[in-house]
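Input: a single structure, listed below in C-alpha cells.
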Amino acid sequence: MNRRNFVAGSSLLALAGAVPAVFAETTVEQSKEGKLMAEKTHVPHTSIHRIEVDGVNVFYREAGPADAPVVLLLHGFPTSSFQYRELIPRLADRYHVIAPDLPGFGFTEVPEGRHYTYTFDALAKTIMAFTDALHLKHYALYVFDYGAPTGFRLAMAHPERVTAIVSQNGNAYEEGLGDAWAPIQRYWREPTSENREKVRAALSPEELRSQYIDGVPNPERIAPEMYTLDAALLARPGNIDIQLDLFLDYANNVKLYPAFQEYFRKSKPPLLAIWGKHDPFFIPPGAEAYKRDNPNATVELLDTGHFALETHVEEISSAMRDFLAKNRG
C-alpha cells in the first residue's frame, strides 16, 4: 500500500469510528441543552374556573402546583383578574396562584335575585367565602387599588392565614390619597345626584384610558387590551351605577384605615409596598407610611403610574419572587 492509499484508508477508518462517537456526544449535549431550554421556556398553564359562593358565581384564574404555597391576587378598579395575565405565569412555576374577579367586575356574575349590596364589606365577605370554599388556610396576598381594602379586611378577620403581603399601589393611609380623589371626596361629603353625575362623567372610555397612561413616561408601552376590556365591561347595563356605589362606599375604607394600621402594628406581616411613583390616585407617601406601623415593611418605587404591571411586570415579578422566597418559602 502506498502512502497516499494508507492515509486515505486511515482517514476512512477515523471517519468510521471517531465521527459517530463525536456525533453521539454532540447529540447527547444537544439533548441536554434542549431539555434545559425547554425547562427554561416552559410557561405554566393558567386555567379558568367558576365557583358558587355567597350566592355569587365567582370567576377566577388559577395556575401552579396544587400543593405549592398560595398567592392570592386581588385586583382593583376598573379592572379584573385579567390584569394579572402576565404576572400569573411568572409566579406559577413555584406558587399556586389564584386570582378571582370581584363582584361587579370582570366575569363574576351576581344574580339579580341576590340583591347584592355593593360595598367593600360585601366584597370582602364574598372573597372570604371564596377562600373558604377553596380551603385556603394560608396565603400571601397581592393587593392593588380596591384589592387593598378588600384584602386587608380578610387579613384582619384571619391574620393567621396571611403569610405575607405585596401591596402594589394598594393604599391604607390618608396621606396616600392623591389629588385625583378630589371629585370623589366631594361626592363623599355631599352625595347628591349632581355630584354622582359628575363622577359618572369620569367613567368614559377616554377617562379610563387616561388612568392607565397618566404618569407613565412612555405611554406607548401601554397595550390597549386592558383599558378596552375595562370599558366594555363597565358598559354593561347597570354596571356604572355599581361603580358609583363603590366610589361612595370608599369613604368607609378611609374610616377603616386606622384599623388596618392597627393590624399592621399588631401582626407585623412581611410586607412589600411596590408602587408606581407617578400614580395620581395613590401617591408615594402612602407606600412609605407602611414602614411607620410595620417594621417588616419594605418600599420600592417604580418609574410608572397607577397600573404598574402594564409597564413593569418583570420588575414586579422579580421583586415578588425574591420577597416571597424569603417570607413565604
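Chains: A, B, ... in order of the C-alpha cells. Residues: from 1 per chain. Ligands: from 1, in order shown.
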**segment 246-255 of chain A environment, 12 Å, only C-alpha atoms, sequence neighbours closer than 5 positions dropped, as a PyMOL selection string** = chain A and resi 76-78+102-105+117-124+145-153+170-177+181-193+195-196+199-200+202-203+239-241+260-261
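Closest approach to Ser318 of chain A from the set A:Ala68, A:Ala287, A:Ala164, A:Ile274 is made by A:Ile274, with distances taken over only C-alpha atoms.
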**Prompt:** Any idea what the distance is between atom CA of Pro44 of chain A and atom CA of Gly64 of chain A?
**Reply:**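 Value for the atom CA of Pro44 of chain A-atom CA of Gly64 of chain A distance: 6.6 Å.
Every protein, DNA or RNA residue with an atom at most 10 Å from His45 of chain A, where only C-alpha atoms count and chain neighbours fewer than 6 positions away do not, is listed here: Glu62, Ala63, Gly64, Ile88, Pro89, Ala92 and Asp93 of chain A.
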**Asked** In Å, with one decimal, what is the gap from atom CA of Val299 of chain A to atom CA of Ala273 of chain A?
**Response**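 One can read the atom CA of Val299 of chain A to atom CA of Ala273 of chain A distance as 4.7 Å.
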**Prompt:** Rounded to one decimal in Å, what is the spacing between atom CA of Glu314 of chain A and atom CA of Asp230 of chain A?
**Reply:**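 One can read the atom CA of Glu314 of chain A to atom CA of Asp230 of chain A distance as 22.8 Å.
Of the listed residues A:Val56, A:Leu244, A:Glu288, A:Ile213, the one whose atoms come nearest to Pro111 of chain A is A:Val56, with distances taken using only C-alpha atoms.
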**Message:** I need the strand (DSSP E or B) residues of segment 134-219 of chain A per DSSP on the backbone, written as a PyMOL selection string.
**Reply:** chain A and resi 139-143+162-167+177
Keeping C-alpha atoms, export the residues of the selection given above as an mmCIF file, in the first residue's frame.
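Listing of result_17.cif after writing:
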```
data_model
loop_
_atom_site.group_PDB
_atom_site.id
_atom_site.type_symbol
_atom_site.label_atom_id
_atom_site.label_comp_id
_atom_site.auth_asym_id
_atom_site.auth_seq_id
_atom_site.Cartn_x
_atom_site.Cartn_y
_atom_site.Cartn_z
ATOM 1 C CA TYR A 139 -51.770 32.511 51.564
ATOM 2 C CA ALA A 140 -49.708 35.516 50.587
ATOM 3 C CA LEU A 141 -51.808 38.474 49.473
ATOM 4 C CA TYR A 142 -51.147 40.664 46.442
ATOM 5 C CA VAL A 143 -53.427 43.697 46.661
ATOM 6 C CA VAL A 162 -51.912 35.754 55.755
ATOM 7 C CA THR A 163 -48.236 34.886 55.481
ATOM 8 C CA ALA A 164 -47.076 37.954 53.535
ATOM 9 C CA ILE A 165 -48.492 40.983 51.707
ATOM 10 C CA VAL A 166 -47.477 42.626 48.449
ATOM 11 C CA SER A 167 -49.210 45.977 48.064
ATOM 12 C CA LEU A 177 -54.716 59.767 48.688
#
```
**Request:** Select, from A:Leu208, A:Val97, A:Thr46, A:Leu233, the residue with the minimum atom-to-atom distance to Glu109 of chain A, counting only C-alpha atoms.
**Result:**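 Checking each of A:Leu208, A:Val97, A:Thr46, A:Leu233 against Glu109 of chain A, counting only C-alpha atoms, the winner is A:Leu233.
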**Item:** Those of segment 261-299 of chain A in DSSP helix (DSSP H, G or I), formatted as number ranges by chain
**Value:** A: 261-267, 284-288, 290-293
For Thr311 of chain A, work out the shell of residues within 8 Å, counting only C-alpha atoms and skipping chain neighbours fewer than 6 positions away, then give it as a CSV table (one decimal) with C-alpha atoms, in the first residue's frame.
```csv
chain,number,residue,atom,x,y,z
A,221,ARG,CA,-45.8,50.9,26.3
A,222,ILE,CA,-49.4,50.6,27.5
A,304,THR,CA,-44.5,54.5,36.3
```
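Near Asp293 of chain A, within 8 Å and counting only C-alpha atoms, sit A:Gln261, A:Glu262, A:Phe264, A:Arg265, not including residues fewer than 5 positions from it in the same chain.
Distances here use only C-alpha atoms; by that measure, the residue among A:Leu72, A:Ile316, A:Leu324, A:Ala232 closest to Phe107 of chain A is A:Ala232.
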**Ser267 of chain A surroundings by only C-alpha atoms, 9 Å radius, close-in-sequence under 5 positions cut, as a list in words** =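 The residues that qualify are Pro159, Glu160, Glu262 and Asn294 of chain A.
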**Prompt:** For Asp279 of chain A, which of A:His306, A:Lys198, A:Lys326, A:Arg292 is the closest residue, counting only C-alpha atoms?
**Reply:**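 Nearest candidate to Asp279 of chain A out of A:His306, A:Lys198, A:Lys326, A:Arg292: A:His306.
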